[in-house]
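Here is the file coords21.cif (mmCIF, C-alpha atoms and all ligand atoms).
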```
data_my_file
#
loop_
_atom_site.label_atom_id
_atom_site.label_comp_id
_atom_site.auth_asym_id
_atom_site.auth_seq_id
_atom_site.Cartn_x
_atom_site.Cartn_y
_atom_site.Cartn_z
CA MET D 1 -20.95 -1.27 -18.57
CA GLU D 2 -19.14 1.14 -16.26
CA GLN D 3 -17.80 -0.66 -13.23
CA LEU D 4 -18.14 0.61 -9.71
CA LEU D 5 -14.70 -0.07 -8.30
CA PHE D 6 -14.16 -1.47 -4.80
CA ALA D 7 -10.80 -3.00 -5.69
CA VAL D 8 -7.69 -2.16 -3.66
CA GLY D 9 -5.82 -0.79 -6.68
CA PRO D 10 -6.48 0.72 -9.06
CA VAL D 11 -9.25 2.44 -7.12
CA LYS D 12 -11.99 4.86 -8.09
CA MET D 13 -10.24 8.05 -9.16
CA HIS D 14 -11.40 11.62 -8.54
CA PRO D 15 -12.58 13.30 -11.77
CA GLU D 16 -9.88 15.95 -11.37
CA THR D 17 -7.16 13.27 -11.22
CA CYS D 18 -8.50 11.73 -14.44
CA ARG D 19 -8.38 15.13 -16.09
CA VAL D 20 -4.76 15.72 -15.02
CA GLY D 21 -3.78 12.30 -16.37
CA GLY D 22 -5.35 12.98 -19.74
CA GLU D 23 -3.39 16.13 -20.52
CA GLU D 24 -0.73 16.73 -23.13
CA LEU D 25 2.70 16.12 -21.58
CA PRO D 26 5.44 18.71 -21.22
CA TYR D 27 9.11 17.95 -21.83
CA PHE D 28 10.57 17.06 -18.44
CA ARG D 29 14.26 18.00 -18.58
CA THR D 30 13.38 21.55 -17.61
CA ALA D 31 13.62 23.76 -14.55
CA GLU D 32 9.81 23.86 -14.36
CA PHE D 33 9.50 20.09 -14.17
CA SER D 34 12.33 19.91 -11.62
CA ARG D 35 10.37 22.34 -9.45
CA LEU D 36 7.31 20.09 -9.66
CA MET D 37 9.35 17.04 -8.63
CA LEU D 38 11.03 18.83 -5.72
CA ASP D 39 7.67 20.12 -4.49
CA ALA D 40 6.17 16.62 -4.74
CA GLU D 41 9.12 15.24 -2.78
CA ALA D 42 8.59 17.81 0.00
CA ASP D 43 4.83 17.16 0.00
CA TYR D 44 5.27 13.40 0.34
CA LEU D 45 7.78 13.79 3.19
CA ARG D 46 5.49 16.25 4.98
CA LEU D 47 2.52 13.85 4.85
CA LEU D 48 4.74 11.24 6.50
CA SER D 49 6.23 13.58 9.14
CA ALA D 50 9.61 12.40 7.91
CA PRO D 51 12.61 13.31 10.07
CA GLU D 52 14.89 16.21 9.14
CA GLY D 53 17.22 15.32 6.28
CA SER D 54 14.89 12.72 4.73
CA ARG D 55 14.59 12.42 0.96
CA ALA D 56 12.01 10.85 -1.34
CA VAL D 57 12.35 9.32 -4.79
CA PHE D 58 9.78 8.47 -7.44
CA LEU D 59 10.31 5.31 -9.47
CA SER D 60 8.44 4.48 -12.65
CA CYS D 61 7.18 1.04 -11.72
CA SER D 62 4.38 -0.49 -9.70
CA GLY D 63 4.64 -0.99 -5.94
CA THR D 64 6.49 -4.26 -6.37
CA GLY D 65 9.22 -2.35 -8.22
CA GLY D 66 9.62 -0.31 -5.05
CA MET D 67 9.86 -3.50 -2.99
CA GLU D 68 12.46 -4.76 -5.45
CA ALA D 69 14.46 -1.53 -5.09
CA ILE D 70 14.51 -2.17 -1.35
CA ALA D 71 15.74 -5.75 -1.70
CA SER D 72 18.35 -4.87 -4.34
CA CYS D 73 19.53 -1.39 -3.32
CA VAL D 74 18.81 -0.82 0.37
CA LEU D 75 19.76 -4.33 1.41
CA GLY D 76 22.81 -6.31 0.38
CA LYS D 77 24.35 -9.71 0.88
CA GLU D 78 25.82 -8.44 4.15
CA ASP D 79 22.36 -7.95 5.65
CA LYS D 80 19.97 -10.24 7.43
CA ALA D 81 16.31 -9.25 7.40
CA LEU D 82 13.38 -10.23 9.55
CA VAL D 83 10.30 -10.37 7.32
CA ILE D 84 6.80 -10.22 8.78
CA ASP D 85 5.01 -12.70 6.56
CA GLY D 86 1.26 -12.77 7.04
CA GLY D 87 0.09 -13.18 3.47
CA GLY D 88 0.70 -12.53 -0.22
CA PHE D 89 2.74 -9.35 0.19
CA GLY D 90 4.81 -10.74 3.06
CA HIS D 91 5.63 -13.74 0.83
CA ARG D 92 6.69 -11.28 -1.87
CA PHE D 93 9.31 -9.71 0.42
CA VAL D 94 10.52 -13.22 1.28
CA GLU D 95 10.80 -14.09 -2.42
CA LEU D 96 12.62 -10.85 -3.21
CA CYS D 97 15.13 -11.49 -0.41
CA ARG D 98 15.66 -14.97 -1.76
CA PHE D 99 16.01 -13.65 -5.32
CA TYR D 100 18.65 -11.09 -4.34
CA GLY D 101 20.48 -13.34 -1.92
CA VAL D 102 19.57 -11.34 1.17
CA GLU D 103 19.72 -13.55 4.21
CA HIS D 104 16.36 -13.50 5.93
CA GLU D 105 14.05 -15.09 8.45
CA ALA D 106 10.29 -15.00 8.12
CA LEU D 107 8.01 -14.48 11.09
CA GLU D 108 5.00 -16.33 9.72
CA LEU D 109 1.46 -15.51 10.71
CA ARG D 110 -1.77 -17.25 9.82
CA PRO D 111 -3.66 -15.25 7.16
CA GLY D 112 -5.56 -12.55 9.04
CA GLN D 113 -3.70 -13.12 12.30
CA MET D 114 -2.63 -10.12 14.35
CA LEU D 115 1.04 -9.64 15.21
CA THR D 116 1.31 -9.51 18.98
CA GLU D 117 4.04 -7.96 21.09
CA GLU D 118 4.72 -11.36 22.65
CA ARG D 119 5.30 -12.99 19.30
CA LEU D 120 7.43 -10.17 17.89
CA PHE D 121 9.68 -9.62 20.90
CA ALA D 122 10.32 -13.36 21.20
CA VAL D 123 12.33 -13.27 17.95
CA ASN D 124 16.06 -13.63 18.42
CA THR D 125 17.47 -10.82 16.28
CA GLU D 126 21.15 -11.54 16.80
CA GLY D 127 22.95 -10.83 13.52
CA MET D 128 19.89 -9.17 12.00
CA THR D 129 20.13 -5.73 10.41
CA ALA D 130 16.65 -4.87 9.12
CA LEU D 131 12.95 -5.51 9.51
CA LEU D 132 10.64 -5.63 6.49
CA VAL D 133 6.92 -5.30 7.00
CA ASN D 134 3.84 -4.65 4.88
CA LEU D 135 2.13 -2.39 7.40
CA HIS D 136 -1.24 -3.26 5.93
CA GLU D 137 -1.01 -6.83 4.61
CA THR D 138 -3.49 -6.11 1.86
CA SER D 139 -4.13 -9.73 0.92
CA THR D 140 -5.92 -10.29 4.23
CA GLY D 141 -6.82 -6.71 5.20
CA THR D 142 -4.67 -6.93 8.32
CA LEU D 143 -2.91 -4.02 10.00
CA TYR D 144 0.24 -4.29 12.10
CA ASP D 145 1.09 -1.90 14.91
CA ILE D 146 3.61 0.65 13.65
CA GLY D 147 4.41 1.92 17.15
CA MET D 148 5.19 -1.55 18.42
CA LEU D 149 7.31 -2.37 15.35
CA GLY D 150 9.17 0.92 15.75
CA ARG D 151 9.99 0.22 19.39
CA PHE D 152 11.18 -3.24 18.45
CA CYS D 153 13.47 -1.93 15.69
CA LYS D 154 14.91 0.71 17.98
CA GLU D 155 15.55 -1.76 20.78
CA ARG D 156 17.21 -4.25 18.42
CA GLY D 157 19.01 -1.72 16.23
CA LEU D 158 17.24 -2.73 13.03
CA LEU D 159 16.65 -0.64 9.92
CA PHE D 160 12.86 -0.18 9.87
CA VAL D 161 11.50 -0.72 6.36
CA ILE D 162 7.79 -0.22 5.79
CA ASP D 163 5.84 -1.24 2.72
CA ALA D 164 2.98 1.18 3.27
CA VAL D 165 1.59 0.75 -0.23
CA SER D 166 -1.96 0.28 1.04
CA ALA D 167 -1.44 2.01 4.41
CA PHE D 168 -0.32 5.44 3.23
CA LEU D 169 -3.09 8.04 3.80
CA CYS D 170 -5.26 5.37 5.46
CA GLU D 171 -3.20 4.93 8.61
CA ASP D 172 -1.41 7.50 10.70
CA ILE D 173 2.23 7.11 9.68
CA ASN D 174 4.65 9.39 11.50
CA MET D 175 8.12 8.39 10.30
CA ALA D 176 9.96 10.46 12.89
CA ALA D 177 7.92 9.18 15.83
CA ALA D 178 8.03 5.56 14.65
CA GLY D 179 11.73 5.71 13.76
CA ALA D 180 10.92 4.45 10.25
CA ASP D 181 13.74 4.46 7.71
CA VAL D 182 11.97 3.55 4.47
CA VAL D 183 8.30 4.13 3.64
CA LEU D 184 7.04 2.88 0.31
CA THR D 185 3.76 3.55 -1.40
CA ALA D 186 2.41 3.34 -4.93
CA SER D 187 0.27 5.60 -7.09
CA GLN D 188 -2.77 3.36 -7.52
CA LYS D 189 -3.80 2.73 -3.90
CA ALA D 190 -5.13 5.50 -1.62
CA LEU D 191 -3.39 8.12 -3.75
CA ALA D 192 -6.03 7.10 -6.30
CA CYS D 193 -3.92 7.79 -9.39
CA ALA D 194 -3.17 5.53 -12.34
CA PRO D 195 -0.75 2.66 -11.61
CA GLY D 196 2.88 3.10 -12.58
CA MET D 197 4.70 4.92 -9.81
CA ALA D 198 6.37 3.86 -6.58
CA LEU D 199 7.18 6.51 -3.96
CA LEU D 200 9.95 5.88 -1.46
CA ALA D 201 10.71 8.08 1.55
CA LEU D 202 14.21 7.55 2.93
CA SER D 203 15.45 8.66 6.36
CA PRO D 204 19.02 9.96 6.70
CA ARG D 205 19.99 6.54 8.04
CA ALA D 206 18.44 4.82 5.00
CA GLN D 207 20.33 7.15 2.64
CA GLU D 208 23.55 6.36 4.45
CA LYS D 209 22.83 2.65 4.16
CA ILE D 210 22.15 2.97 0.43
CA GLY D 211 25.45 4.82 0.03
CA LYS D 212 27.29 1.88 1.56
CA THR D 213 25.37 -0.81 -0.33
CA GLU D 214 26.16 -2.18 -3.75
CA GLN D 215 23.28 -1.15 -6.05
CA ARG D 216 22.25 -4.43 -7.61
CA SER D 217 19.73 -2.95 -10.01
CA TYR D 218 20.53 -0.51 -12.78
CA TYR D 219 17.03 0.80 -13.50
CA LEU D 220 15.93 0.83 -9.86
CA SER D 221 19.18 2.12 -8.36
CA LEU D 222 18.17 4.25 -5.39
CA GLN D 223 21.58 5.91 -5.27
CA SER D 224 21.09 7.08 -8.82
CA ALA D 225 17.52 8.23 -8.05
CA LEU D 226 18.82 10.15 -5.01
CA ASP D 227 21.70 11.74 -6.94
CA ASN D 228 19.54 12.83 -9.86
CA GLY D 229 16.69 13.82 -7.57
CA LYS D 230 18.87 16.46 -5.90
CA ARG D 231 18.21 18.62 -8.96
CA GLY D 232 14.62 17.42 -9.22
CA GLN D 233 15.24 15.03 -12.07
CA PRO D 234 14.64 11.31 -12.56
CA PRO D 235 17.52 9.25 -14.03
CA PHE D 236 15.35 8.12 -16.97
CA THR D 237 12.10 9.12 -18.67
CA LEU D 238 9.46 8.74 -15.99
CA SER D 239 5.79 7.79 -16.22
CA GLU D 240 5.07 11.43 -16.59
CA SER D 241 1.28 11.52 -16.65
CA VAL D 242 1.21 9.45 -13.45
CA MET D 243 3.75 11.81 -11.90
CA LEU D 244 1.52 14.78 -12.75
CA GLN D 245 -1.42 13.05 -11.07
CA VAL D 246 0.66 12.12 -8.03
CA SER D 247 2.01 15.63 -7.69
CA HIS D 248 -1.49 17.07 -7.95
CA ARG D 249 -2.83 14.70 -5.29
CA LEU D 250 0.08 15.18 -2.87
CA ARG D 251 -0.48 18.93 -3.04
CA GLY D 252 -4.23 18.59 -2.45
CA LEU D 253 -3.62 16.46 0.65
CA GLN D 254 -1.59 19.15 2.44
CA ASN D 255 -2.98 21.34 5.22
CA GLY D 256 -5.49 18.90 6.63
CA GLY D 257 -6.53 17.34 3.32
CA MET D 258 -5.13 13.96 4.32
CA GLU D 259 -6.91 13.96 7.68
CA GLN D 260 -10.17 14.93 6.01
CA GLU D 261 -9.86 12.14 3.48
CA ARG D 262 -8.99 9.64 6.20
CA ALA D 263 -12.08 10.61 8.20
CA LEU D 264 -14.20 10.00 5.11
CA MET D 265 -12.63 6.57 4.55
CA GLN D 266 -13.25 5.75 8.21
CA GLN D 267 -16.91 6.71 7.88
CA ASN D 268 -17.31 4.54 4.80
CA ALA D 269 -15.52 1.60 6.37
CA ASP D 270 -17.49 1.87 9.64
CA PHE D 271 -20.79 2.08 7.77
CA PHE D 272 -19.96 -0.88 5.54
CA ARG D 273 -18.68 -3.05 8.40
CA ARG D 274 -21.78 -2.29 10.48
CA GLU D 275 -24.10 -3.20 7.60
CA MET D 276 -22.24 -6.46 7.05
CA ALA D 277 -23.92 -7.89 10.15
CA ARG D 278 -27.03 -8.39 7.98
CA TYR D 279 -25.30 -10.82 5.63
CA PRO D 280 -23.72 -14.22 6.14
CA PHE D 281 -20.16 -12.89 5.86
CA THR D 282 -17.60 -12.75 8.65
CA LEU D 283 -14.76 -10.31 9.11
CA PHE D 284 -11.59 -12.18 8.11
CA SER D 285 -8.90 -10.18 9.87
CA GLU D 286 -8.20 -10.08 13.60
CA ASN D 287 -7.06 -6.48 13.20
CA PRO D 288 -8.69 -4.85 10.14
CA ALA D 289 -6.85 -2.04 8.39
CA LEU D 290 -8.74 0.94 7.05
CA GLY D 291 -7.90 0.44 3.38
CA CYS D 292 -10.16 -2.56 2.80
CA THR D 293 -12.46 -5.02 4.52
CA ALA D 294 -11.67 -8.68 3.96
CA LEU D 295 -14.72 -10.92 4.30
CA ARG D 296 -15.08 -14.66 4.55
CA THR D 297 -18.00 -16.16 2.65
CA PRO D 298 -20.22 -18.92 4.09
CA GLU D 299 -19.34 -22.58 3.36
CA ASN D 300 -21.65 -22.97 0.39
CA LEU D 301 -20.65 -19.78 -1.42
CA SER D 302 -17.43 -19.42 -3.40
CA ALA D 303 -15.94 -15.95 -2.91
CA HIS D 304 -14.62 -16.05 -6.45
CA GLU D 305 -18.05 -16.89 -7.85
CA LEU D 306 -19.48 -14.00 -5.87
CA PHE D 307 -16.86 -11.67 -7.34
CA LEU D 308 -17.81 -12.82 -10.86
CA THR D 309 -21.55 -12.45 -10.23
CA LEU D 310 -21.18 -8.93 -8.82
CA LYS D 311 -18.99 -7.93 -11.76
CA ASP D 312 -21.00 -9.49 -14.56
CA GLU D 313 -24.56 -9.03 -13.30
CA TYR D 314 -24.32 -5.84 -11.23
CA GLY D 315 -21.35 -3.91 -12.69
CA ILE D 316 -19.67 -3.87 -9.29
CA CYS D 317 -16.05 -4.87 -8.91
CA VAL D 318 -15.05 -6.07 -5.45
CA CYS D 319 -11.55 -7.44 -4.99
CA PRO D 320 -11.06 -11.19 -5.34
CA ASN D 321 -8.35 -13.09 -3.48
CA GLY D 322 -5.89 -15.50 -4.99
CA GLY D 323 -4.17 -18.67 -3.90
CA ALA D 324 -5.55 -20.57 -0.94
CA LEU D 325 -8.08 -17.84 -0.12
CA ARG D 326 -9.60 -17.73 -3.62
CA ASP D 327 -12.88 -19.38 -2.71
CA THR D 328 -13.24 -18.24 0.88
CA VAL D 329 -12.28 -14.55 1.00
CA PHE D 330 -13.05 -11.39 -0.96
CA ARG D 331 -12.27 -7.78 -0.16
CA VAL D 332 -14.12 -4.50 -0.38
CA GLY D 333 -11.93 -1.42 -0.70
CA HIS D 334 -12.34 1.91 1.06
CA MET D 335 -9.68 3.83 -0.85
CA GLY D 336 -10.36 6.33 -3.59
CA ASP D 337 -13.30 8.54 -4.49
CA LEU D 338 -16.02 6.41 -2.86
CA CYS D 339 -19.10 7.75 -1.11
CA ARG D 340 -22.06 6.43 0.90
CA GLU D 341 -24.16 5.99 -2.26
CA ASP D 342 -21.53 3.66 -3.73
CA TYR D 343 -21.75 1.42 -0.66
CA LEU D 344 -25.54 1.51 -0.76
CA ARG D 345 -25.36 0.23 -4.33
CA LEU D 346 -23.18 -2.67 -3.22
CA LEU D 347 -25.50 -3.43 -0.31
CA SER D 348 -28.55 -3.44 -2.55
CA ALA D 349 -26.76 -5.95 -4.80
CA PHE D 350 -26.27 -8.17 -1.72
CA ASP D 351 -29.98 -7.71 -0.90
CA ASP D 352 -30.92 -8.71 -4.42
CA LEU D 353 -28.71 -11.78 -4.23
CA GLN D 354 -30.42 -12.75 -0.99
CA ARG D 355 -33.83 -12.37 -2.63
CA ARG D 356 -32.64 -14.60 -5.43
CA GLY D 357 -31.51 -17.17 -2.87
CA LYS D 358 -27.90 -16.82 -3.95
CA LEU D 359 -26.57 -15.47 -0.69
C1 LIG M 401 -0.59 -3.26 -3.92
C2 LIG M 401 0.52 -3.57 -2.99
C3 LIG M 401 1.84 -3.68 -3.44
C4 LIG M 401 2.27 -3.44 -4.84
O1 LIG M 401 1.65 -4.17 -5.79
P1 LIG M 401 1.81 -3.77 -7.33
O2 LIG M 401 0.78 -4.59 -7.99
O3 LIG M 401 3.19 -4.11 -7.73
O4 LIG M 401 1.58 -2.30 -7.40
C5 LIG M 401 2.83 -3.95 -2.52
N1 LIG M 401 2.54 -4.10 -1.22
C6 LIG M 401 1.30 -3.99 -0.76
C7 LIG M 401 1.07 -4.13 0.70
C8 LIG M 401 0.25 -3.72 -1.63
O5 LIG M 401 -1.01 -3.60 -1.16
#
```
Could you render the structure as structure tokens?
Ligand SMILES: *Cc1c(COP(=O)(O)O)cnc(C)c1O
Amino acid sequence: MEQLLFAVGPVKMHPETCRVGGEELPYFRTAEFSRLMLDAEADYLRLLSAPEGSRAVFLSCSGTGGMEAIASCVLGKEDKALVIDGGGFGHRFVELCRFYGVEHEALELRPGQMLTEERLFAVNTEGMTALLVNLHETSTGTLYDIGMLGRFCKERGLLFVIDAVSAFLCEDINMAAAGADVVLTASQKALACAPGMALLALSPRAQEKIGKTEQRSYYLSLQSALDNGKRGQPPFTLSESVMLQVSHRLRGLQNGGMEQERALMQQNADFFRREMARYPFTLFSENPALGCTALRTPENLSAHELFLTLKDEYGICVCPNGGALRDTVFRVGHMGDLCREDYLRLLSAFDDLQRRGKL
């Protein structure tokens, strides 16, 4: 049975993206492929309003590979990072810092809790060099305030590192205005391509930092990616079909395409969240991001069981949660090629479950 996909990655792909990904692949050590890479780099930086002199690199790995490149090649043992830890992806940054011996302090939030100015500015940042944040903490559907974080980093002189894997395209990210130094995303979230590529935008300050930092990964070396990328080439064979999809999408999002797509996501999310009032779910996050809606199920209903029922009996794949939230929270994505009809199908499944006394 074909599954209607409301996951947060991979997401429902546009037919054109599927077509691009299914094509015969060209050899990539050519001037033509270099052109494609350089254009994709410029397109990504433009969508982020990156400051003059910024660069972008494409790594053949999932989003976590991009996070690992940050912990191993942007940061070193001489750094001390403040990590905003409000869920699964915040924990991952903490674990990566631990793994690579980067000194760090976690600002821990309850799952779904909003980061307030009071809480953030109360942190003593003496000796700290960087701030790591998952702008949209996807595990709980919670968005942090990029403007506030930017002001904080500027005031405290911290390198501002944003995991925007599930925030890119969904949220307004202006690197120059926010003073962001690193912005990471991955191919399978709102870009709606196949998984397998991490995109990193690097401000001049981030490039300088990388130049001074021992690259503690061979495959993920950002210095090597930057050096090779100057001529539009990756250091190693890249996930080429994903790159072709990414390049195609980045081009299509230029000249207002991104804003148009965001407006559509907003419409879908608003519609879905409004309709949710009819069911016994509650919004989980104090500050919901656009990319997905995290919902808490009522006492007597396991969120994981609901995920299984929707998948097996209705052909609808919502996004389950793991760990402590496994039985209480599930998520419904708004990224990818989703339309009103798709949400109506999900709502009618909820209606049917109510009729059956299962909701
Ligand atoms: C999806 C996601 C990642 C990357 O996860 P992968 O499974 O490695 O692609 C990282 N950070 C956030 C916030 C995400 O949503």
Excluding Ala186 in chain D and any residue of its chain fewer than 6 positions from it, enumerate the residues within 6 Å of it, using all atoms listed in the file, and give them as an MDAnalysis selection string.
-> chainID D and resid 63 165 197:199
Please check which protein, DNA or RNA residues sit within 9 Å of ligand LIG 401 (chain M), counting all atoms listed in the file, and write them as an MDAnalysis selection string.
-> chainID D and resid 8:10 61:67 88:90 92:93 133:139 163:167 184:189 195:198
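Atom pair CA of Val329 in chain D / CA of Ala303 in chain D has a distance of 5.5 Å (rounded to one decimal).
Each of D:Glu117, D:Glu286, D:Asp145, D:Glu341 was compared to Phe272 in chain D using only C-alpha atoms, and D:Glu341 turns out to be the nearest.
Among the candidate residues D:Asp227, D:Glu299, D:Asp270, D:Glu118, the one lying nearest to Val57 in chain D is D:Asp227, with distances computed using only C-alpha atoms.
Across the model, the gap from CA of Ala194 in chain D to CA of Leu290 in chain D is 20.7 Å.
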Quick one: everything within 8 Å of Thr129 in chain D, counting only C-alpha atoms, minus sequence neighbours fewer than 4 positions away in the same chain. Send it as number ranges by chain.
-> D: 79-81, 157-159
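The list of residues with at least one atom within 10 Å of Arg326 in chain D, based on all atoms listed in the file and without residues fewer than 6 positions apart in the same chain, reads Ser302, Ala303, His304, Glu305 and Pro320 of chain D.
For Leu244 in chain D, the set of protein, DNA and RNA residues having any atom at most 8 Å away, when counting only C-alpha atoms and skipping those fewer than 4 positions along the same chain, is Val20, Gly21, Glu240 and His248 of chain D.
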Can you work out the spacing between CA of Leu25 in chain D and CA of Ser247 in chain D in Å, to one decimal?
-> 13.9 Å
The residue from D:Gly150, D:Gly53, D:Gly22, D:Gly211 with the smallest atom-to-atom distance to Cys73 in chain D, counting only C-alpha atoms, is D:Gly211
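Among the candidates D:Val318, D:Leu283, D:Thr328, D:Leu120, the one nearest to Asp342 in chain D when counting all atoms listed in the file is D:Val318.
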Need the axis-aligned box for range 213-216 of chain D with 8 Å each side, so what are the centre and edges in Å to one decimal, as lines of an AutoDock Vina configuration file?
```
center_x = 24.2
center_y = -2.6
center_z = -4.0
size_x = 19.9
size_y = 19.6
size_z = 23.3
```
Distance query Thr142 in chain D at most 6 Å, all atoms listed in the file, self and fewer than 5 positions along chain excluded, as number ranges by chain | D: 112, 136-137, 285, 287-289
From the list D:Gln113, D:Thr282, D:Ser221, D:Gln245, the nearest residue to Tyr144 in chain D using all atoms listed in the file is D:Gln113
Select all residues near (-10.8, 0.4, 0.5) (cut-off 9 Å, inclusive, file coordinates), counting all atoms listed in the file, and output them as a short mmCIF file (atom, residue, chain, number, x, y, z; two decimals) with C-alpha atoms, in the coordinates of the input.
```cif
data_model
loop_
_atom_site.label_atom_id
_atom_site.label_comp_id
_atom_site.auth_asym_id
_atom_site.auth_seq_id
_atom_site.Cartn_x
_atom_site.Cartn_y
_atom_site.Cartn_z
CA PHE D 6 -14.16 -1.47 -4.80
CA ALA D 7 -10.80 -3.00 -5.69
CA VAL D 8 -7.69 -2.16 -3.66
CA GLY D 9 -5.82 -0.79 -6.68
CA VAL D 11 -9.25 2.44 -7.12
CA SER D 166 -1.96 0.28 1.04
CA CYS D 170 -5.26 5.37 5.46
CA LYS D 189 -3.80 2.73 -3.90
CA ALA D 190 -5.13 5.50 -1.62
CA MET D 265 -12.63 6.57 4.55
CA ASN D 268 -17.31 4.54 4.80
CA ALA D 269 -15.52 1.60 6.37
CA LEU D 290 -8.74 0.94 7.05
CA GLY D 291 -7.90 0.44 3.38
CA CYS D 292 -10.16 -2.56 2.80
CA THR D 293 -12.46 -5.02 4.52
CA ARG D 331 -12.27 -7.78 -0.16
CA VAL D 332 -14.12 -4.50 -0.38
CA GLY D 333 -11.93 -1.42 -0.70
CA HIS D 334 -12.34 1.91 1.06
CA MET D 335 -9.68 3.83 -0.85
CA GLY D 336 -10.36 6.33 -3.59
CA LEU D 338 -16.02 6.41 -2.86
#
```
Answer as a ChimeraX atom specification, residues within 6 Å of (14.1, -7.5, 0.3) using all atoms listed in the file = /D:70-71,93,96-97
What would the file look like if the residues just selected were written as a PDB file, in the frame of the given file with C-alpha atoms?
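Once everything was written out, this is part_26.pdb:
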```
ATOM      1  CA  ILE D  70      14.510  -2.170  -1.350  1.00  0.00           C
ATOM      2  CA  ALA D  71      15.740  -5.750  -1.700  1.00  0.00           C
ATOM      3  CA  PHE D  93       9.310  -9.710   0.420  1.00  0.00           C
ATOM      4  CA  LEU D  96      12.620 -10.850  -3.210  1.00  0.00           C
ATOM      5  CA  CYS D  97      15.130 -11.490  -0.410  1.00  0.00           C
TER       6      CYS D  97
END
```
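Of the residues listed (D:Val83, D:Leu4, D:Leu238, D:Met243), D:Met243 shows the shortest atom-to-atom separation from Glu41 in chain D; distances use all atoms listed in the file.
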Serialized range 223-239 of chain D w/ N, CA and C atoms as a short mmCIF file (atom, residue, chain, number, x, y, z; two decimals), in the first residue's frame:
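Contents of the output file selection-v5.cif:
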```
data_model
loop_
_atom_site.label_atom_id
_atom_site.label_comp_id
_atom_site.auth_asym_id
_atom_site.auth_seq_id
_atom_site.Cartn_x
_atom_site.Cartn_y
_atom_site.Cartn_z
N GLN D 223 37.63 21.89 6.07
CA GLN D 223 38.70 22.60 5.37
C GLN D 223 38.88 22.00 3.98
N SER D 224 38.89 20.69 3.94
CA SER D 224 39.05 20.00 2.66
C SER D 224 37.85 20.27 1.75
N ALA D 225 36.64 20.26 2.32
CA ALA D 225 35.44 20.55 1.52
C ALA D 225 35.50 21.97 0.98
N LEU D 226 35.98 22.92 1.81
CA LEU D 226 36.09 24.32 1.37
C LEU D 226 37.14 24.46 0.27
N ASP D 227 38.29 23.81 0.47
CA ASP D 227 39.38 23.92 -0.52
C ASP D 227 38.95 23.35 -1.86
N ASN D 228 38.40 22.15 -1.84
CA ASN D 228 37.97 21.52 -3.09
C ASN D 228 36.78 22.25 -3.71
N GLY D 229 35.92 22.76 -2.83
CA GLY D 229 34.71 23.44 -3.31
C GLY D 229 35.01 24.72 -4.07
N LYS D 230 36.19 25.29 -3.86
CA LYS D 230 36.56 26.51 -4.59
C LYS D 230 36.45 26.29 -6.09
N ARG D 231 36.78 25.06 -6.53
CA ARG D 231 36.66 24.77 -7.97
C ARG D 231 35.40 23.96 -8.25
N GLY D 232 34.47 24.00 -7.29
CA GLY D 232 33.18 23.33 -7.51
C GLY D 232 33.24 21.82 -7.42
N GLN D 233 34.21 21.30 -6.68
CA GLN D 233 34.35 19.85 -6.60
C GLN D 233 34.29 19.35 -5.16
N PRO D 234 33.71 18.18 -4.95
CA PRO D 234 33.74 17.57 -3.62
C PRO D 234 35.07 16.79 -3.48
N PRO D 235 35.56 16.60 -2.24
CA PRO D 235 36.81 15.87 -2.08
C PRO D 235 36.69 14.41 -2.56
N PHE D 236 35.51 13.82 -2.36
CA PHE D 236 35.31 12.40 -2.70
C PHE D 236 34.05 12.27 -3.55
N THR D 237 33.81 11.06 -4.05
CA THR D 237 32.57 10.81 -4.78
C THR D 237 31.40 11.23 -3.89
N LEU D 238 30.50 12.01 -4.42
CA LEU D 238 29.38 12.47 -3.59
C LEU D 238 28.10 11.69 -3.92
N SER D 239 27.11 11.79 -3.05
CA SER D 239 25.82 11.15 -3.35
C SER D 239 25.20 11.97 -4.47
#
```
